[in-house]
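Structure file work_6.cif with mmCIF, C-alpha atoms:
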```
data_query
#
loop_
_atom_site.label_atom_id
_atom_site.label_comp_id
_atom_site.auth_asym_id
_atom_site.auth_seq_id
_atom_site.Cartn_x
_atom_site.Cartn_y
_atom_site.Cartn_z
CA MET A 1 0.00 0.00 0.00
CA SER A 2 1.53 3.27 -1.11
CA GLY A 3 1.14 6.77 0.20
CA SER A 4 -0.95 7.77 -2.78
CA THR A 5 -3.51 5.09 -1.94
CA ILE A 6 -3.78 6.33 1.64
CA ILE A 7 -4.25 9.90 0.40
CA PHE A 8 -7.00 8.75 -1.94
CA TYR A 9 -8.89 6.98 0.84
CA LEU A 10 -8.52 10.01 3.13
CA LEU A 11 -9.89 12.30 0.42
CA ALA A 12 -12.77 9.94 -0.27
CA ALA A 13 -13.63 9.75 3.43
CA LEU A 14 -13.46 13.55 3.78
CA THR A 15 -15.77 13.99 0.79
CA LEU A 16 -18.38 11.42 1.78
CA VAL A 17 -18.46 12.15 5.52
CA SER A 18 -18.76 15.90 5.10
CA ALA A 19 -21.40 15.43 2.37
CA LEU A 20 -23.41 13.23 4.72
CA LEU A 21 -23.08 15.79 7.52
CA ALA A 22 -24.08 18.58 5.12
CA VAL A 23 -27.42 16.93 4.40
CA THR A 24 -28.14 15.79 7.96
CA THR A 25 -27.09 18.63 10.27
CA ARG A 26 -29.85 20.90 11.51
CA MET A 27 -27.71 24.03 11.73
CA ILE A 28 -27.92 25.60 8.29
CA PHE A 29 -24.63 27.47 8.52
CA ARG A 30 -22.79 24.30 9.52
CA ALA A 31 -24.38 22.56 6.54
CA ALA A 32 -22.81 25.19 4.26
CA ILE A 33 -19.40 24.70 5.87
CA TYR A 34 -19.64 20.90 5.54
CA LEU A 35 -20.58 21.38 1.89
CA LEU A 36 -17.43 23.50 1.54
CA PHE A 37 -15.28 20.66 2.88
CA SER A 38 -16.99 18.15 0.64
CA LEU A 39 -16.28 20.27 -2.43
CA ILE A 40 -12.65 20.70 -1.33
CA GLY A 41 -12.42 16.92 -1.00
CA ILE A 42 -13.67 16.52 -4.56
CA ALA A 43 -11.10 19.08 -5.74
CA GLY A 44 -8.49 16.99 -3.93
CA ILE A 45 -9.65 13.90 -5.79
CA TYR A 46 -9.23 15.80 -9.07
CA PHE A 47 -5.71 16.72 -7.99
CA TRP A 48 -5.09 13.09 -7.12
CA LEU A 49 -6.23 12.09 -10.61
CA GLN A 50 -3.81 14.72 -11.99
CA TYR A 51 -6.52 16.79 -13.60
CA GLU A 52 -5.07 19.97 -12.17
CA PHE A 53 -7.04 22.34 -14.37
CA ILE A 54 -10.39 20.87 -13.35
CA ALA A 55 -9.31 20.93 -9.71
CA ALA A 56 -8.43 24.61 -9.99
CA VAL A 57 -11.75 25.36 -11.70
CA GLN A 58 -13.57 23.40 -8.99
CA ILE A 59 -11.91 25.43 -6.24
CA VAL A 60 -12.42 28.77 -7.98
CA VAL A 61 -16.03 28.26 -9.05
CA TYR A 62 -17.50 26.02 -6.36
CA VAL A 63 -15.51 26.82 -3.24
CA GLY A 64 -14.86 30.45 -4.09
CA GLY A 65 -18.11 31.23 -5.84
CA ILE A 66 -21.09 29.06 -5.14
CA VAL A 67 -20.44 28.36 -1.46
CA VAL A 68 -19.81 32.05 -0.79
CA LEU A 69 -23.08 32.83 -2.58
CA ILE A 70 -24.90 30.23 -0.47
CA ILE A 71 -23.42 31.62 2.75
CA PHE A 72 -24.53 35.12 1.72
CA SER A 73 -28.04 33.93 1.06
CA ILE A 74 -28.09 32.17 4.46
CA PHE A 75 -27.09 35.44 6.11
CA LEU A 76 -29.82 37.27 4.23
CA THR A 77 -32.63 34.83 4.91
CA GLN A 78 -32.00 33.11 8.26
CA GLN A 79 -32.01 34.19 11.87
CA ALA A 80 -28.56 33.52 13.34
CA GLY A 81 -28.10 30.47 15.51
CA GLU A 82 -31.55 29.09 14.85
CA GLN A 83 -31.94 25.38 14.23
CA MET A 84 -34.04 24.09 11.40
CA PRO A 85 -37.22 22.31 12.55
CA LYS A 86 -36.93 18.60 12.99
CA GLN A 87 -38.18 16.52 10.08
CA LYS A 88 -40.87 13.93 10.45
CA LEU A 89 -39.38 10.53 11.20
CA GLY A 90 -41.46 8.85 8.49
CA ARG A 91 -40.20 11.20 5.82
CA GLN A 92 -36.59 10.69 6.89
CA LEU A 93 -37.05 6.94 6.96
CA PHE A 94 -38.61 6.70 3.51
CA SER A 95 -36.10 9.13 1.99
CA ALA A 96 -33.25 7.06 3.41
CA LEU A 97 -34.89 3.90 2.11
CA ALA A 98 -35.35 5.37 -1.39
CA ALA A 99 -31.77 6.65 -1.52
CA PHE A 100 -30.39 3.37 -0.21
CA CYS A 101 -32.38 1.29 -2.72
CA GLY A 102 -31.18 3.51 -5.56
CA LEU A 103 -27.59 3.22 -4.37
CA ALA A 104 -27.86 -0.56 -4.06
CA LEU A 105 -29.29 -0.80 -7.59
CA VAL A 106 -26.49 1.31 -9.04
CA LEU A 107 -23.77 -0.58 -7.15
CA ILE A 108 -25.14 -3.96 -8.23
CA GLN A 109 -25.15 -2.77 -11.84
CA LEU A 110 -21.58 -1.50 -11.41
CA ALA A 111 -20.37 -4.79 -9.99
CA GLN A 112 -21.85 -6.73 -12.90
CA HIS A 113 -20.70 -4.45 -15.68
CA ALA A 114 -17.31 -4.89 -17.31
CA PHE A 115 -15.97 -1.64 -18.71
CA VAL A 116 -13.95 -1.74 -21.93
CA GLU A 117 -10.90 0.47 -22.09
CA THR A 118 -9.95 2.30 -25.25
CA ASN A 119 -6.54 1.55 -26.68
CA GLY A 120 -5.82 4.97 -28.14
CA LYS A 121 -2.90 7.23 -27.46
CA LEU A 122 -2.94 9.05 -24.10
CA ILE A 123 -3.72 12.77 -24.32
CA GLU A 124 -2.38 14.66 -21.33
CA PRO A 125 -5.02 16.98 -19.81
CA THR A 126 -2.65 19.95 -19.89
CA VAL A 127 -3.92 23.49 -20.20
CA ALA A 128 -2.43 23.73 -23.71
CA ASN A 129 -4.32 20.68 -24.95
CA ILE A 130 -7.54 21.79 -23.25
CA GLY A 131 -7.29 25.29 -24.69
CA ASN A 132 -6.56 24.09 -28.21
CA GLN A 133 -9.57 21.80 -28.24
CA MET A 134 -11.84 24.20 -26.34
CA LEU A 135 -11.49 26.96 -28.93
CA GLY A 136 -11.00 24.68 -31.92
CA VAL A 137 -13.46 24.92 -34.82
CA ASN A 138 -12.25 21.69 -36.44
CA ASP A 139 -13.68 18.25 -35.87
CA GLY A 140 -14.00 17.71 -32.12
CA GLY A 141 -13.54 21.38 -31.27
CA TYR A 142 -15.73 22.95 -28.61
CA ALA A 143 -15.90 26.54 -29.89
CA LEU A 144 -19.67 26.52 -30.45
CA PRO A 145 -20.65 25.13 -27.00
CA PHE A 146 -18.17 27.59 -25.48
CA GLU A 147 -20.01 30.50 -27.10
CA VAL A 148 -23.40 29.06 -26.15
CA VAL A 149 -22.29 28.83 -22.51
CA SER A 150 -21.06 32.42 -22.63
CA ILE A 151 -24.51 33.53 -23.85
CA LEU A 152 -26.10 31.41 -21.09
CA LEU A 153 -23.94 33.08 -18.45
CA LEU A 154 -24.87 36.51 -19.79
CA ALA A 155 -28.57 35.56 -19.71
CA ALA A 156 -28.20 34.25 -16.14
CA LEU A 157 -26.46 37.48 -15.09
CA ILE A 158 -29.23 39.66 -16.52
CA GLY A 159 -31.91 37.30 -15.20
CA CYS A 160 -30.48 37.46 -11.65
CA ILE A 161 -30.43 41.24 -11.71
CA VAL A 162 -34.02 41.40 -12.99
CA ILE A 163 -35.31 38.83 -10.47
CA ALA A 164 -33.55 40.29 -7.44
CA LEU A 165 -34.37 43.89 -8.36
CA LYS A 166 -36.52 45.61 -5.78
CA SER A 167 -39.81 46.38 -7.48
CA LYS A 168 -40.57 50.07 -7.31
CA PRO A 169 -43.96 51.12 -5.99
CA GLU A 170 -46.36 51.90 -8.80
CA THR A 171 -46.40 55.56 -9.72
CA THR A 172 -49.60 56.68 -11.35
CA MET B 173 -6.77 -1.71 0.93
CA ILE B 174 -6.41 -2.12 -2.81
CA GLU B 175 -5.06 0.33 -5.33
CA PRO B 176 -7.84 2.79 -6.26
CA GLY B 177 -9.21 2.53 -9.76
CA LEU B 178 -12.29 3.26 -11.82
CA TYR B 179 -14.64 1.34 -9.55
CA HIS B 180 -13.58 3.34 -6.50
CA MET B 181 -14.34 6.57 -8.32
CA LEU B 182 -17.72 5.28 -9.44
CA PHE B 183 -18.50 4.13 -5.90
CA ILE B 184 -17.69 7.58 -4.48
CA SER B 185 -19.69 9.26 -7.20
CA ALA B 186 -22.75 7.01 -6.74
CA THR B 187 -22.67 7.42 -2.96
CA LEU B 188 -22.36 11.19 -3.27
CA PHE B 189 -25.26 11.25 -5.72
CA PHE B 190 -27.58 9.39 -3.39
CA ILE B 191 -26.47 11.45 -0.38
CA GLY B 192 -27.58 14.45 -2.44
CA VAL B 193 -30.86 12.72 -3.31
CA TYR B 194 -31.48 11.97 0.37
CA GLY B 195 -30.85 15.60 1.26
CA PHE B 196 -33.15 16.76 -1.50
CA PHE B 197 -35.94 14.51 -0.19
CA THR B 198 -35.63 15.38 3.49
CA ARG B 199 -34.79 19.08 3.46
CA ARG B 200 -37.60 21.60 3.50
CA ASN B 201 -35.44 24.71 3.26
CA LEU B 202 -34.71 26.05 -0.23
CA VAL B 203 -31.05 26.91 0.48
CA THR B 204 -30.27 23.42 1.79
CA MET B 205 -32.12 21.86 -1.15
CA LEU B 206 -29.87 23.90 -3.44
CA MET B 207 -26.86 22.53 -1.54
CA SER B 208 -28.09 18.98 -2.20
CA VAL B 209 -28.39 19.78 -5.90
CA GLU B 210 -24.80 20.99 -5.88
CA LEU B 211 -23.71 17.67 -4.37
CA ILE B 212 -25.56 15.79 -7.13
CA LEU B 213 -23.93 17.90 -9.85
CA ASN B 214 -20.52 17.30 -8.29
CA SER B 215 -21.02 13.56 -8.30
CA VAL B 216 -21.80 13.72 -12.02
CA ASN B 217 -18.61 15.72 -12.63
CA LEU B 218 -16.58 13.14 -10.75
CA ASN B 219 -18.11 10.42 -12.91
CA PHE B 220 -17.18 12.18 -16.14
CA ILE B 221 -13.61 12.77 -14.96
CA ALA B 222 -13.22 9.15 -13.82
CA PHE B 223 -14.40 7.79 -17.17
CA ASN B 224 -12.14 10.20 -19.01
CA LYS B 225 -9.15 9.22 -16.87
CA TYR B 226 -9.54 5.45 -16.84
CA LEU B 227 -11.44 4.46 -19.98
CA TRP B 228 -11.19 7.13 -22.68
CA TYR B 229 -7.82 8.71 -21.96
CA ASP B 230 -7.30 9.30 -25.70
CA LYS B 231 -9.95 12.03 -25.67
CA LEU B 232 -10.67 15.07 -23.52
CA ASP B 233 -14.44 15.03 -23.95
CA GLY B 234 -15.28 14.07 -20.35
CA LEU B 235 -13.20 16.99 -19.17
CA PHE B 236 -15.09 19.40 -21.40
CA PHE B 237 -18.42 18.10 -20.20
CA THR B 238 -17.22 18.74 -16.64
CA ILE B 239 -16.16 22.29 -17.48
CA PHE B 240 -19.54 23.02 -19.07
CA ILE B 241 -21.44 21.46 -16.17
CA ILE B 242 -19.49 23.63 -13.72
CA ALA B 243 -20.30 26.76 -15.75
CA ILE B 244 -23.99 25.88 -15.94
CA ALA B 245 -24.08 24.98 -12.23
CA ALA B 246 -22.69 28.42 -11.39
CA ALA B 247 -25.38 30.10 -13.48
CA GLU B 248 -28.06 27.87 -11.94
CA ALA B 249 -26.93 28.63 -8.39
CA ALA B 250 -26.94 32.38 -9.06
CA VAL B 251 -30.46 32.32 -10.53
CA ALA B 252 -31.74 30.04 -7.75
CA ILE B 253 -30.38 32.32 -5.04
CA ALA B 254 -31.92 35.37 -6.74
CA ILE B 255 -35.28 33.58 -6.73
CA ILE B 256 -34.84 32.48 -3.09
CA ILE B 257 -34.06 36.02 -1.94
CA ASN B 258 -37.04 37.35 -3.89
CA LEU B 259 -39.26 34.69 -2.30
CA TYR B 260 -37.96 35.64 1.14
CA ARG B 261 -38.88 39.25 0.49
CA SER B 262 -42.46 38.41 -0.38
CA HIS B 263 -43.11 35.51 2.06
CA LYS B 264 -40.60 36.17 4.91
CA SER B 265 -39.68 32.49 4.75
CA ILE B 266 -37.76 30.18 2.44
CA ASP B 267 -39.49 27.02 3.51
CA VAL B 268 -41.02 25.10 0.61
CA GLU B 269 -44.14 24.44 2.68
CA ASN B 270 -44.85 28.19 2.67
CA ALA B 271 -44.24 28.63 -1.04
CA GLU B 272 -47.41 27.06 -2.34
CA ASP B 273 -49.04 29.98 -4.14
CA LEU B 274 -48.99 28.07 -7.43
CA LYS B 275 -50.24 24.83 -5.92
CA TYR B 276 -53.96 24.94 -6.60
#
```

Render the structure in this file as structure tokens.
Amino acid sequence: MSGSTIIFYLLAALTLVSALLAVTTRMIFRAAIYLLFSLIGIAGIYFWLQYEFIAAVQIVVYVGGIVVLIIFSIFLTQQAGEQMPKQKLGRQLFSALAAFCGLALVLIQLAQHAFVETNGKLIEPTVANIGNQMLGVNDGGYALPFEVVSILLLAALIGCIVIALKSKPETT
Amino acid sequence: MIEPGLYHMLFISATLFFIGVYGFFTRRNLVTMLMSVELILNSVNLNFIAFNKYLWYDKLDGLFFTIFIIAIAAAEAAVAIAIIINLYRSHKSIDVENAEDLKY
């Protein structure tokens, strides 16, 4: 057993345990912090897989962006230090049962399925390779989806401003 | 402990997905439901990266799908939080049980 294996299992445990705490704790602010650790664990797994660019994007967008946004919205909408009301036991039980059955189904399928590896040449996920393909207009280039996503982000930006705008009182 | 491979990644991703599903079922607060959705999206990203790393290492397509999912998740979170804050302004609560104006 090598050090890299131990690091992988530690990262996996960090991710799963903090995700589980994020969905079960009754303090909403703690849930956001546990979510933060879970996302950092996933970024660590990307680093472990040597997909450094994706790991950096994960940290910048999720940890630096979305979690901060969630914490802001918690501050704006919750009374500090207040616990969320306890859920009905029946609902918790049936949700856990549904999630567990789904997980068991997926894991059984996984255990039975044999994946076939490709035998092509390895392409390193370096920033140069990613950038060349991302903005390529040739076969396999992602220039068009890139532009579509940029339009989507612009639409989301304008949509957020319009939705969150304070409506002025009607002047007649 | 065995050397981690594709199946370990898929196990983590499936478990994370169903943790998110459990949170989405049990939570009744819109912000925590959004957090569960983020967990689900992250498990999908992990799946794409694992397949790209272990099965189709001659392409970068899984990586691009992950990048686009992250971009769309950011947009989705921003719009969702704008809606939640607007709902809080009009209802003084972000509990889904109180947001039933469109129900009947």

One decimal, Å: what's the distance from atom CA of B:Phe220 over to atom CA of B:Phe236, could you say?
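Going from atom CA of B:Phe220 over to atom CA of B:Phe236 covers 9.2 Å.
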
Give one line per residue of chain B that approaches chain A to at most 6 Å, naming the two atoms of the closest pair and their distance in Å to one decimal, counting only C-alpha atoms; sort by chain then ascending residue number and deliver it as a tab-separated table.
```
residue	atom	partner	partner_atom	distance
B:Phe190	CA	A:Ala99	CA	5.3
B:Tyr194	CA	A:Ala99	CA	5.7
B:Gly195	CA	A:Val23	CA	4.8
B:Phe197	CA	A:Ser95	CA	5.8
B:Thr198	CA	A:Gln92	CA	5.9
B:Leu227	CA	A:Glu117	CA	4.5
B:Trp228	CA	A:Thr118	CA	5.6
B:Tyr229	CA	A:Leu122	CA	5.3
B:Asp230	CA	A:Leu122	CA	4.7
B:Ala247	CA	A:Ala156	CA	5.7
B:Val251	CA	A:Cys160	CA	5.3
B:Ala254	CA	A:Ala164	CA	5.2
B:Asn258	CA	A:Ala164	CA	5.8
```

Counting all atoms listed in the file, the residue of A:Ala114, A:Val68, A:Leu144, A:Ile59 that sits nearest B:Ala249
A:Val68

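Of the residues listed (A:Gly3, A:Asn138, A:Leu14, A:Phe75), A:Phe75 shows the shortest atom-to-atom separation from B:Tyr260; distances use only C-alpha atoms.
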
Mind telling me what the PyMOL selection byres ((chain B and resi 189) around 10) catches here, as an MDAnalysis selection string?
(chainID A and resid 19 99 102:103) or (chainID B and resid 183:188 190:195 208:216)

In Å, how far is it from atom CA of B:Asn217 to atom CA of A:Ala55?
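Atom CA of B:Asn217 sits 11.1 Å away from atom CA of A:Ala55.
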
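Pairwise distance (atom CA of B:Met205, atom CA of A:Gln79) equals 17.9 Å.
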
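Distances here use only C-alpha atoms; by that measure, the residue among B:Leu218, B:Ile266, B:Met181, B:Ile174 closest to B:Ile242 is B:Leu218.
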
Taking only C-alpha atoms into account, name the residue in A:Ile108, A:Val63, A:Val137, A:Ile151 that is nearest to A:Phe37.
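Once distances to A:Phe37 are computed over only C-alpha atoms, the minimum belongs to A:Val63.
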
Just checking: using all atoms listed in the file, which residue out of B:Ser262, B:Leu182, B:Leu206, B:Ala246 ends up closest to B:Ile221?
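Selected residue with least distance to B:Ile221: B:Leu182.
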
Stretch 224-266 of chain B from the block above, C-alpha atoms, as a tab-separated table (two decimals), in the first residue's frame, please?
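Produced file part_8.tsv, reproduced below:
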```
chain	number	residue	atom	x	y	z
B	224	ASN	CA	-12.14	10.20	-19.01
B	225	LYS	CA	-9.15	9.22	-16.87
B	226	TYR	CA	-9.54	5.45	-16.84
B	227	LEU	CA	-11.44	4.46	-19.98
B	228	TRP	CA	-11.19	7.13	-22.68
B	229	TYR	CA	-7.82	8.71	-21.96
B	230	ASP	CA	-7.30	9.30	-25.70
B	231	LYS	CA	-9.95	12.03	-25.67
B	232	LEU	CA	-10.67	15.07	-23.52
B	233	ASP	CA	-14.44	15.03	-23.95
B	234	GLY	CA	-15.28	14.07	-20.35
B	235	LEU	CA	-13.20	16.99	-19.17
B	236	PHE	CA	-15.09	19.40	-21.40
B	237	PHE	CA	-18.42	18.10	-20.20
B	238	THR	CA	-17.22	18.74	-16.64
B	239	ILE	CA	-16.16	22.29	-17.48
B	240	PHE	CA	-19.54	23.02	-19.07
B	241	ILE	CA	-21.44	21.46	-16.17
B	242	ILE	CA	-19.49	23.63	-13.72
B	243	ALA	CA	-20.30	26.76	-15.75
B	244	ILE	CA	-23.99	25.88	-15.94
B	245	ALA	CA	-24.08	24.98	-12.23
B	246	ALA	CA	-22.69	28.42	-11.39
B	247	ALA	CA	-25.38	30.10	-13.48
B	248	GLU	CA	-28.06	27.87	-11.94
B	249	ALA	CA	-26.93	28.63	-8.39
B	250	ALA	CA	-26.94	32.38	-9.06
B	251	VAL	CA	-30.46	32.32	-10.53
B	252	ALA	CA	-31.74	30.04	-7.75
B	253	ILE	CA	-30.38	32.32	-5.04
B	254	ALA	CA	-31.92	35.37	-6.74
B	255	ILE	CA	-35.28	33.58	-6.73
B	256	ILE	CA	-34.84	32.48	-3.09
B	257	ILE	CA	-34.06	36.02	-1.94
B	258	ASN	CA	-37.04	37.35	-3.89
B	259	LEU	CA	-39.26	34.69	-2.30
B	260	TYR	CA	-37.96	35.64	1.14
B	261	ARG	CA	-38.88	39.25	0.49
B	262	SER	CA	-42.46	38.41	-0.38
B	263	HIS	CA	-43.11	35.51	2.06
B	264	LYS	CA	-40.60	36.17	4.91
B	265	SER	CA	-39.68	32.49	4.75
B	266	ILE	CA	-37.76	30.18	2.44
```
